[in-house]
$ cat run.tsv   # TSV, C-alpha atoms and all ligand atoms
chain	number	residue	atom	x	y	z
A	114	MET	CA	1.75	-1.45	-31.02
A	115	SER	CA	3.80	1.34	-32.40
A	116	HIS	CA	4.78	1.19	-36.01
A	117	GLN	CA	8.29	-0.06	-36.79
A	118	ASP	CA	9.99	0.13	-40.11
A	119	VAL	CA	12.36	-2.72	-40.70
A	120	THR	CA	15.18	-2.90	-43.21
A	121	ALA	CA	17.87	-5.49	-43.82
A	122	GLU	CA	20.33	-3.20	-42.03
A	123	SER	CA	18.14	-2.40	-39.04
A	124	PRO	CA	15.90	-5.30	-38.02
A	125	THR	CA	13.22	-4.79	-35.36
A	126	ALA	CA	14.59	-3.68	-32.01
A	127	ILE	CA	13.96	-6.90	-30.13
A	128	PRO	CA	16.34	-7.47	-27.22
A	129	ARG	CA	19.05	-10.07	-27.76
A	130	TYR	CA	17.80	-12.22	-24.87
A	131	VAL	CA	14.59	-12.85	-26.77
A	132	GLN	CA	16.48	-14.55	-29.56
A	133	ALA	CA	16.78	-18.06	-28.17
A	134	PHE	CA	14.37	-19.70	-30.54
A	135	ALA	CA	12.45	-22.76	-29.46
A	136	ARG	CA	10.56	-25.32	-31.53
A	137	ASN	CA	6.81	-25.85	-31.53
A	138	VAL	CA	5.89	-22.68	-29.67
A	139	ALA	CA	4.45	-19.28	-30.48
A	140	GLN	CA	7.22	-16.82	-29.70
A	141	ARG	CA	8.28	-13.27	-30.29
A	142	GLY	CA	11.23	-12.69	-32.56
A	143	ASP	CA	12.70	-11.17	-35.64
A	144	ALA	CA	12.32	-13.16	-38.86
A	145	LEU	CA	15.86	-12.63	-40.10
A	146	GLU	CA	17.35	-13.40	-36.69
A	147	LEU	CA	15.39	-16.62	-36.51
A	148	LEU	CA	16.41	-17.67	-40.00
A	149	ARG	CA	20.06	-16.83	-39.37
A	150	SER	CA	19.98	-18.98	-36.24
A	151	LEU	CA	19.09	-22.09	-38.28
A	152	PRO	CA	21.61	-24.42	-39.93
A	153	ASP	CA	21.79	-24.98	-43.69
A	154	ALA	CA	19.26	-27.32	-45.32
A	155	CYS	CA	17.40	-28.15	-42.09
A	156	ALA	CA	13.80	-27.51	-43.25
A	157	ALA	CA	11.51	-29.20	-45.76
A	158	LEU	CA	9.09	-26.29	-46.02
A	159	ALA	CA	8.81	-22.59	-45.23
A	160	PHE	CA	5.83	-20.27	-45.24
A	161	PHE	CA	6.58	-16.59	-45.70
A	162	ASP	CA	3.90	-13.93	-45.42
A	163	PRO	CA	5.78	-10.65	-45.08
A	164	GLN	CA	4.29	-7.44	-43.75
A	165	HIS	CA	5.07	-5.02	-46.57
A	166	ARG	CA	5.84	-1.51	-45.49
A	167	GLY	CA	5.10	-0.13	-48.98
A	168	VAL	CA	1.61	-1.61	-49.18
A	169	LEU	CA	0.56	-0.26	-45.77
A	170	ASP	CA	1.36	3.25	-46.96
A	171	LYS	CA	-1.25	2.88	-49.70
A	172	LEU	CA	-4.03	1.39	-47.61
A	173	ALA	CA	-5.61	4.23	-45.62
A	174	PHE	CA	-8.63	4.78	-47.84
A	175	GLY	CA	-12.28	3.74	-48.18
A	176	ASN	CA	-14.54	2.16	-45.58
A	177	GLU	CA	-11.78	-0.22	-44.50
A	178	GLY	CA	-9.79	2.67	-43.05
A	179	ALA	CA	-10.18	1.65	-39.39
A	180	ARG	CA	-9.10	-1.91	-40.03
A	181	GLN	CA	-6.21	-0.84	-42.22
A	182	ARG	CA	-5.03	1.55	-39.53
A	183	GLU	CA	-5.10	-1.42	-37.16
A	184	ARG	CA	-3.06	-3.44	-39.67
A	185	SER	CA	-0.60	-0.60	-40.04
A	186	ARG	CA	0.20	-0.85	-36.33
A	187	LEU	CA	1.88	-4.20	-37.03
A	188	PRO	CA	5.64	-4.06	-37.50
A	189	ALA	CA	6.47	-3.85	-41.20
A	190	MET	CA	9.34	-4.94	-43.44
A	191	GLY	CA	11.25	-3.08	-46.14
A	192	GLU	CA	11.79	-4.79	-49.49
A	193	ASP	CA	15.52	-5.36	-48.86
A	194	TYR	CA	14.68	-7.04	-45.58
A	195	ILE	CA	12.06	-9.27	-47.28
A	196	ASP	CA	14.59	-10.31	-49.95
A	197	ALA	CA	17.21	-11.01	-47.25
A	198	CYS	CA	14.67	-13.28	-45.51
A	199	CYS	CA	13.97	-15.09	-48.79
A	200	ARG	CA	17.68	-15.72	-49.32
A	201	GLU	CA	17.98	-17.10	-45.78
A	202	ILE	CA	14.93	-19.28	-46.39
A	203	ALA	CA	16.63	-20.69	-49.51
A	204	ARG	CA	19.70	-21.47	-47.39
A	205	VAL	CA	17.79	-23.27	-44.61
A	206	LEU	CA	15.61	-25.26	-47.03
A	207	ALA	CA	16.76	-28.71	-48.03
A	208	PRO	CA	17.45	-29.09	-51.77
A	209	SER	CA	14.09	-29.09	-53.62
A	210	GLY	CA	12.36	-27.82	-50.46
A	211	TYR	CA	9.47	-25.39	-50.88
A	212	CYS	CA	8.83	-21.82	-49.79
A	213	MET	CA	5.13	-20.90	-49.83
A	214	ARG	CA	5.20	-17.16	-50.29
A	215	TRP	CA	2.02	-15.10	-49.89
A	216	VAL	CA	1.69	-12.09	-52.18
A	217	ASP	CA	-1.03	-9.57	-52.92
A	218	THR	CA	-2.04	-8.46	-56.42
A	219	TYR	CA	0.53	-5.67	-56.46
A	220	GLY	CA	3.40	-7.94	-55.39
A	221	LEU	CA	2.39	-10.50	-57.99
A	222	CYS	CA	2.10	-7.96	-60.83
A	223	GLU	CA	5.41	-6.40	-59.86
A	224	ALA	CA	6.91	-9.91	-59.65
A	225	HIS	CA	8.73	-9.25	-56.38
A	226	HIS	CA	9.65	-12.92	-56.20
A	227	LEU	CA	11.84	-12.59	-59.31
A	228	ARG	CA	14.34	-10.59	-57.24
A	229	VAL	CA	15.30	-13.87	-55.56
A	230	ALA	CA	14.78	-16.15	-58.58
A	231	ASP	CA	18.46	-17.10	-58.49
A	232	CYS	CA	17.86	-19.12	-55.29
A	233	LEU	CA	14.05	-19.72	-55.22
A	234	LYS	CA	12.34	-20.73	-58.48
A	235	CYS	CA	8.64	-20.10	-58.94
A	236	VAL	CA	7.03	-23.45	-59.80
A	237	ASP	CA	3.31	-22.84	-59.16
A	238	LEU	CA	0.66	-20.30	-58.20
A	239	ILE	CA	-2.49	-20.75	-56.11
A	240	ALA	CA	-5.15	-18.02	-56.03
A	241	TRP	CA	-6.94	-17.78	-52.69
A	242	ASP	CA	-10.55	-16.53	-52.72
A	243	ASN	CA	-11.48	-15.46	-49.19
A	244	LEU	CA	-15.10	-14.72	-50.22
A	245	ARG	CA	-14.79	-11.25	-48.68
A	246	PRO	CA	-14.76	-8.35	-51.16
A	247	GLY	CA	-12.13	-5.84	-50.13
A	248	MET	CA	-10.86	-2.64	-51.72
A	249	GLY	CA	-9.19	-1.95	-55.05
A	250	LYS	CA	-8.88	1.03	-57.35
A	251	ARG	CA	-10.22	-1.04	-60.27
A	252	SER	CA	-11.44	-4.57	-59.45
A	253	ARG	CA	-12.21	-5.30	-55.79
A	254	ARG	CA	-9.70	-7.59	-54.12
A	255	ARG	CA	-11.02	-10.89	-52.85
A	256	GLY	CA	-8.09	-12.77	-51.39
A	257	ASP	CA	-4.41	-13.11	-52.15
A	258	TYR	CA	-1.99	-15.37	-54.00
A	259	LEU	CA	0.37	-18.07	-52.91
A	260	LEU	CA	3.54	-18.45	-54.93
A	261	VAL	CA	5.08	-21.89	-54.71
A	262	LEU	CA	8.84	-21.29	-54.77
A	263	GLN	CA	11.33	-24.12	-54.79
A	264	ARG	CA	14.96	-24.30	-53.91
A	265	PRO	CA	16.77	-25.93	-56.84
A	266	PRO	CA	16.95	-28.59	-58.13
A	267	VAL	CA	13.38	-28.10	-59.35
A	268	THR	CA	11.32	-31.27	-59.27
A	269	ALA	CA	7.67	-32.21	-58.74
A	270	ARG	CA	8.53	-35.64	-57.38
A	271	ASN	CA	8.37	-34.43	-53.77
A	272	TRP	CA	4.79	-33.07	-54.20
A	273	ARG	CA	2.46	-35.86	-53.12
A	274	ASP	CA	-1.04	-34.33	-53.33
A	275	HIS	CA	-2.16	-33.66	-56.90
A	276	GLY	CA	-5.71	-32.76	-55.89
A	277	ILE	CA	-4.97	-29.25	-54.59
A	278	PRO	CA	-6.87	-26.84	-56.87
A	279	SER	CA	-5.12	-23.72	-58.17
A	280	ARG	CA	-8.23	-21.73	-57.10
A	281	TRP	CA	-8.71	-22.19	-53.36
A	282	VAL	CA	-11.88	-20.92	-51.67
A	283	GLU	CA	-11.76	-20.57	-47.89
A	284	LYS	CA	-13.09	-18.04	-45.42
A	285	VAL	CA	-10.87	-17.12	-42.51
A	286	ASP	CA	-11.58	-15.68	-39.10
A	287	ARG	CA	-9.63	-12.44	-39.11
A	288	ARG	CA	-10.25	-11.94	-35.42
A	289	ILE	CA	-7.44	-14.47	-35.04
A	290	HIS	CA	-5.09	-12.16	-36.93
A	291	PRO	CA	-5.82	-9.31	-39.35
A	292	HIS	CA	-3.83	-11.13	-42.06
A	293	ALA	CA	-4.86	-14.71	-41.20
A	294	LYS	CA	-4.36	-17.07	-44.11
A	295	PRO	CA	-6.47	-20.15	-45.00
A	296	ILE	CA	-5.55	-22.88	-42.58
A	297	GLY	CA	-7.21	-25.61	-44.70
A	298	LEU	CA	-4.90	-24.80	-47.61
A	299	ILE	CA	-1.89	-24.51	-45.32
A	300	GLU	CA	-2.57	-27.94	-43.85
A	301	ARG	CA	-3.02	-29.49	-47.28
A	302	LEU	CA	0.28	-28.00	-48.46
A	303	ILE	CA	2.19	-29.20	-45.42
A	304	ALA	CA	0.83	-32.71	-45.94
A	305	ALA	CA	1.69	-32.53	-49.67
A	306	VAL	CA	5.38	-31.73	-49.35
A	307	THR	CA	6.55	-32.92	-45.92
A	308	LEU	CA	6.62	-36.10	-43.87
A	309	PRO	CA	6.07	-36.52	-40.11
A	310	ASP	CA	8.91	-34.96	-38.07
A	311	ASP	CA	10.04	-32.76	-40.98
A	312	LEU	CA	10.71	-29.15	-39.99
A	313	VAL	CA	8.30	-26.44	-41.16
A	314	ILE	CA	9.27	-22.81	-40.63
A	315	ASP	CA	7.30	-19.57	-40.53
A	316	PRO	CA	9.43	-16.56	-39.62
A	317	ALA	CA	6.53	-14.03	-39.66
A	318	ALA	CA	3.89	-16.29	-38.21
A	319	GLY	CA	1.09	-13.81	-37.34
A	320	GLY	CA	-1.60	-15.87	-35.61
A	321	PHE	CA	0.59	-19.02	-35.73
A	322	GLY	CA	-1.84	-20.97	-37.89
A	323	VAL	CA	1.10	-22.83	-39.46
A	324	LEU	CA	2.16	-23.98	-35.99
A	325	ASP	CA	-1.34	-25.29	-35.37
A	326	ALA	CA	-1.41	-27.18	-38.69
A	327	ALA	CA	2.11	-28.56	-38.22
A	328	ARG	CA	1.18	-29.87	-34.78
A	329	ARG	CA	-1.93	-31.57	-36.09
A	330	LEU	CA	0.17	-33.29	-38.78
A	331	GLU	CA	2.99	-34.17	-36.36
A	332	ARG	CA	5.56	-32.02	-38.11
A	333	GLU	CA	8.16	-29.98	-36.24
A	334	PHE	CA	7.73	-26.21	-36.34
A	335	ILE	CA	9.92	-23.22	-35.74
A	336	GLY	CA	8.70	-19.68	-36.18
A	337	CYS	CA	8.21	-16.30	-34.59
A	338	ASP	CA	6.46	-12.98	-34.98
A	339	ALA	CA	7.75	-9.54	-34.06
A	340	ALA	CA	4.33	-8.65	-32.62
A	341	GLN	CA	4.10	-11.68	-30.36
A	342	SER	CA	4.30	-9.93	-27.02
A	343	GLU	CA	4.71	-12.78	-24.58
A	344	LEU	CA	7.56	-15.21	-24.40
A	345	SER	CA	6.47	-18.78	-23.97
A	346	ASP	CA	8.57	-21.56	-22.54
A	347	GLU	CA	5.70	-24.00	-22.77
A	348	PRO	CA	4.00	-24.85	-26.05
A	349	GLU	CA	1.01	-22.53	-26.22
A	350	SER	CA	-2.27	-23.82	-27.58
A	351	VAL	CA	-3.46	-22.08	-30.70
A	352	ALA	CA	-6.86	-21.53	-29.05
A	353	LYS	CA	-5.04	-19.56	-26.35
A	354	ILE	CA	-3.16	-17.52	-28.96
A	355	CYS	CA	-6.46	-16.80	-30.74
A	356	ARG	CA	-8.15	-15.70	-27.52
A	357	ARG	CA	-5.27	-13.35	-26.80
A	358	TRP	CA	-5.40	-11.80	-30.27
A	359	GLN	CA	-9.18	-11.44	-29.98
A	360	ARG	CA	-8.84	-9.68	-26.62
A	361	ARG	CA	-6.14	-7.42	-28.05
A	362	TYR	CA	-8.23	-6.41	-31.04
A	363	ARG	CA	-11.44	-6.00	-29.02
A	364	ARG	CA	-9.57	-3.60	-26.73
A	365	LYS	CA	-8.50	-1.54	-29.73
A	366	GLY	CA	-11.99	-1.61	-31.27
A	367	PHE	CA	-10.75	-3.81	-34.09
A	368	GLY	CA	-13.70	-6.22	-33.74
A	369	ARG	CA	-16.15	-3.39	-34.37
A	370	ALA	CA	-14.18	-2.13	-37.37
A	371	LEU	CA	-14.14	-5.67	-38.77
A	372	GLY	CA	-17.89	-5.98	-38.29
A	373	ALA	CA	-18.48	-2.66	-40.04
A	374	ALA	CA	-16.34	-3.62	-43.02
A	375	SER	CA	-17.89	-7.05	-43.62
B	1	LIG	C1	0.99	-10.76	-43.10
B	1	LIG	S1	1.20	-11.05	-41.39
B	1	LIG	C2	1.32	-12.81	-41.25
B	1	LIG	C3	-0.02	-13.46	-41.04
B	1	LIG	C4	0.07	-14.96	-40.92
B	1	LIG	N1	0.43	-15.58	-42.17
B	1	LIG	C5	-1.23	-15.54	-40.41
B	1	LIG	O1	-1.82	-16.39	-41.11
B	1	LIG	O2	-1.66	-15.17	-39.32
B	1	LIG	C6	2.86	-10.54	-41.22
B	1	LIG	C7	3.37	-10.63	-39.81
B	1	LIG	O3	4.75	-10.27	-39.85
B	1	LIG	C8	5.07	-9.75	-38.58
B	1	LIG	N2	6.35	-9.08	-38.70
B	1	LIG	C9	6.62	-7.86	-39.19
B	1	LIG	N3	7.95	-7.62	-39.14
B	1	LIG	C10	8.53	-8.73	-38.62
B	1	LIG	C11	9.86	-9.11	-38.35
B	1	LIG	N4	10.89	-8.32	-38.59
B	1	LIG	N5	10.07	-10.34	-37.84
B	1	LIG	C12	9.04	-11.17	-37.57
B	1	LIG	N6	7.76	-10.87	-37.81
B	1	LIG	C13	7.50	-9.67	-38.34
B	1	LIG	C14	3.87	-8.87	-38.24
B	1	LIG	O4	3.77	-8.67	-36.86
B	1	LIG	C15	2.70	-9.68	-38.81
B	1	LIG	O5	2.08	-10.43	-37.80

$ encode --input "run.tsv" --output "structure tokens"
Amino acid sequence: MSHQDVTAESPTAIPRYVQAFARNVAQRGDALELLRSLPDACAALAFFDPQHRGVLDKLAFGNEGARQRERSRLPAMGEDYIDACCREIARVLAPSGYCMRWVDTYGLCEAHHLRVADCLKCVDLIAWDNLRPGMGKRSRRRGDYLLVLQRPPVTARNWRDHGIPSRWVEKVDRRIHPHAKPIGLIERLIAAVTLPDDLVIDPAAGGFGVLDAARRLEREFIGCDAAQSELSDEPESVAKICRRWQRRYRRKGFGRALGAAS
């Protein structure tokens, strides 16, 4: 896929006809378009794992070069666009609803989330250890961070699982998606803060792991990804999505690059 830079002013060039968003399917779409199509306060929970344009610029080094080049083919988002998505997420969340925002070390240290602190308050932090040493100019990265942001009013009364550790260890299969996040943690979080039939959203869904978890827990889901090439009228099984991603990455030699890096 060719590289696309996305800003708040110029979202990805996805044709208008694509933008009829359906529930409980893996579909192609633009994050901001999807969010803008939703009514106020309709969702209990959002996951947001943006594809940072700035970070991809820094990644072409070391023995992970091939995989990072593969990652850099994904459409990317400018910082203004990411903030605009966060503000839309705050709008579509119910009061005290949660936004689970993935960040890397740089984003955490630079406190990107504070740019939207007026509408999404940071109430917790979970460090994810993926047991796979990556790159880093000083310490070697081993996972990412999940910021728990909450639309005011801030309260912990709607958090029902107090056994979730703030250090979460889980390996992921990155053949599913180069940025796949830990599905065990995602499922636990959905169960902690939503009830059956609540709406969970993921506007940059990648391998659609959140859809899979939401289905298992009988929650409603709406989400999209700009790199999802096929439109689906029928709910698509996650196994099918995974097989398609695997085929796509095998074709591009991504599987071999992944093997070499691990
Ligand atoms: C970090 S990955 C998400 C990975 C996902 N959390 C998972 O577990 O598979 C970010 C995703 O954002 C998508 N993306 C980039 N720009 C987008 C946009 N404007 N709208 C929707 N998705 C976008 C990319 O295609 C990529 O799959």

$ residues_around --input "run.tsv" --residues "Arg141 of chain A" --least-positions-apart "2" --cutoff "6 Å" --atoms "all atoms listed in the file" --output "ChimeraX atom specification"
/A:337-339,341

$ residues_around --input "run.tsv" --residues "Ala327 of chain A" --least-positions-apart "2" --cutoff "10 Å" --atoms "all atoms listed in the file" --output "VMD selection string"
chain A and resid 137 299 to 300 303 to 304 307 309 to 314 321 to 325 329 to 335

$ closest_atom_pairs --input "run.tsv" --of "chain A" --to "ligand LIG 1 (chain B)" --cutoff "9 Å" --atoms "only C-alpha atoms and all ligand atoms" --output "tab-separated table"
residue	atom	partner	partner_atom	distance
A:Gln117	CA	B:LIG1	N3	7.9
A:Asp118	CA	B:LIG1	N3	8.1
A:Val119	CA	B:LIG1	N4	6.2
A:Thr120	CA	B:LIG1	N4	8.3
A:Pro124	CA	B:LIG1	N4	5.9
A:Thr125	CA	B:LIG1	N4	5.3
A:Ala126	CA	B:LIG1	N4	8.9
A:Arg141	CA	B:LIG1	C12	7.6
A:Gly142	CA	B:LIG1	C12	5.7
A:Asp143	CA	B:LIG1	N5	3.5
A:Ala144	CA	B:LIG1	N5	3.7
A:Leu145	CA	B:LIG1	N5	6.6
A:Glu146	CA	B:LIG1	N5	8.0
A:Leu147	CA	B:LIG1	N5	8.3
A:Phe160	CA	B:LIG1	N1	7.8
A:Phe161	CA	B:LIG1	N1	7.2
A:Asp162	CA	B:LIG1	C1	4.9
A:Pro163	CA	B:LIG1	C6	4.8
A:Gln164	CA	B:LIG1	C6	4.2
A:His165	CA	B:LIG1	C1	7.9
A:Arg166	CA	B:LIG1	C9	9.0
A:Arg184	CA	B:LIG1	C15	8.5
A:Arg186	CA	B:LIG1	O4	8.6
A:Leu187	CA	B:LIG1	O4	4.9
A:Pro188	CA	B:LIG1	C9	4.3
A:Ala189	CA	B:LIG1	C9	4.5
A:Met190	CA	B:LIG1	N3	5.3
A:Gly191	CA	B:LIG1	N3	9.0
A:Tyr194	CA	B:LIG1	N4	8.1
A:Ile195	CA	B:LIG1	N4	8.8
A:Trp215	CA	B:LIG1	N1	7.9
A:Arg287	CA	B:LIG1	O2	8.4
A:Ile289	CA	B:LIG1	O2	7.2
A:His290	CA	B:LIG1	O2	5.2
A:Pro291	CA	B:LIG1	O2	7.2
A:His292	CA	B:LIG1	C3	4.6
A:Ala293	CA	B:LIG1	O1	3.5
A:Lys294	CA	B:LIG1	O1	4.0
A:Pro295	CA	B:LIG1	O1	7.1
A:Ile296	CA	B:LIG1	O1	7.6
A:Asp315	CA	B:LIG1	N1	8.1
A:Pro316	CA	B:LIG1	C12	5.8
A:Ala317	CA	B:LIG1	N6	3.9
A:Ala318	CA	B:LIG1	C4	4.9
A:Gly319	CA	B:LIG1	O5	3.6
A:Gly320	CA	B:LIG1	O2	3.8
A:Phe321	CA	B:LIG1	O2	5.7
A:Gly322	CA	B:LIG1	O1	5.6
A:Val323	CA	B:LIG1	O1	7.3
A:Gly336	CA	B:LIG1	C12	8.6
A:Cys337	CA	B:LIG1	C12	6.0
A:Asp338	CA	B:LIG1	N6	3.8
A:Ala339	CA	B:LIG1	N6	4.0
A:Ala340	CA	B:LIG1	O4	4.3
A:Gln341	CA	B:LIG1	O4	7.2

$ closest_residue --input "run.tsv" --among "A:Leu308, A:Val138, A:Ala156, A:Leu302" --to "Gly210 of chain A" --atoms "only C-alpha atoms"
A:Ala156

$ closest_residue --input "run.tsv" --among "A:Arg301, A:Arg255, A:Lys250, A:Arg214" --to "Ala159 of chain A" --atoms "only C-alpha atoms"
A:Arg214

$ atom_distance --input "run.tsv" --atom1 "atom CA of Leu221 of chain A" --atom2 "atom CA of Arg254 of chain A"
13.0 Å

$ atom_distance --input "run.tsv" --atom1 "atom CA of Pro246 of chain A" --atom2 "atom CA of Glu192 of chain A"
26.8 Å

$ closest_residue --input "run.tsv" --among "A:Ala269, A:Cys222, A:Ala207, A:Asp257" --to "Val236 of chain A" --atoms "all atoms listed in the file"
A:Ala269

$ atom_distance --input "run.tsv" --atom1 "atom CA of Ser279 of chain A" --atom2 "atom CA of Val205 of chain A"
26.6 Å

$ closest_residue --input "run.tsv" --among "A:Ala203, A:Ala326, A:Ala157, A:Leu298" --to "Cys232 of chain A" --atoms "only C-alpha atoms"
A:Ala203

$ residues_near_point --input "run.tsv" --point "(-11.1, -13.4, -45.2)" --cutoff "6 Å" --atoms "all atoms listed in the file" --output "number ranges by chain"
A: 243, 245, 284-285

$ closest_residue --input "run.tsv" --among "A:Ala224, A:Leu238, A:Cys199, A:Cys212" --to "Leu158 of chain A" --atoms "all atoms listed in the file"
A:Cys212

$ closest_residue --input "run.tsv" --among "A:Gln140, A:Pro208, A:Trp241, A:Ala230" --to "Arg280 of chain A" --atoms "all atoms listed in the file"
A:Trp241
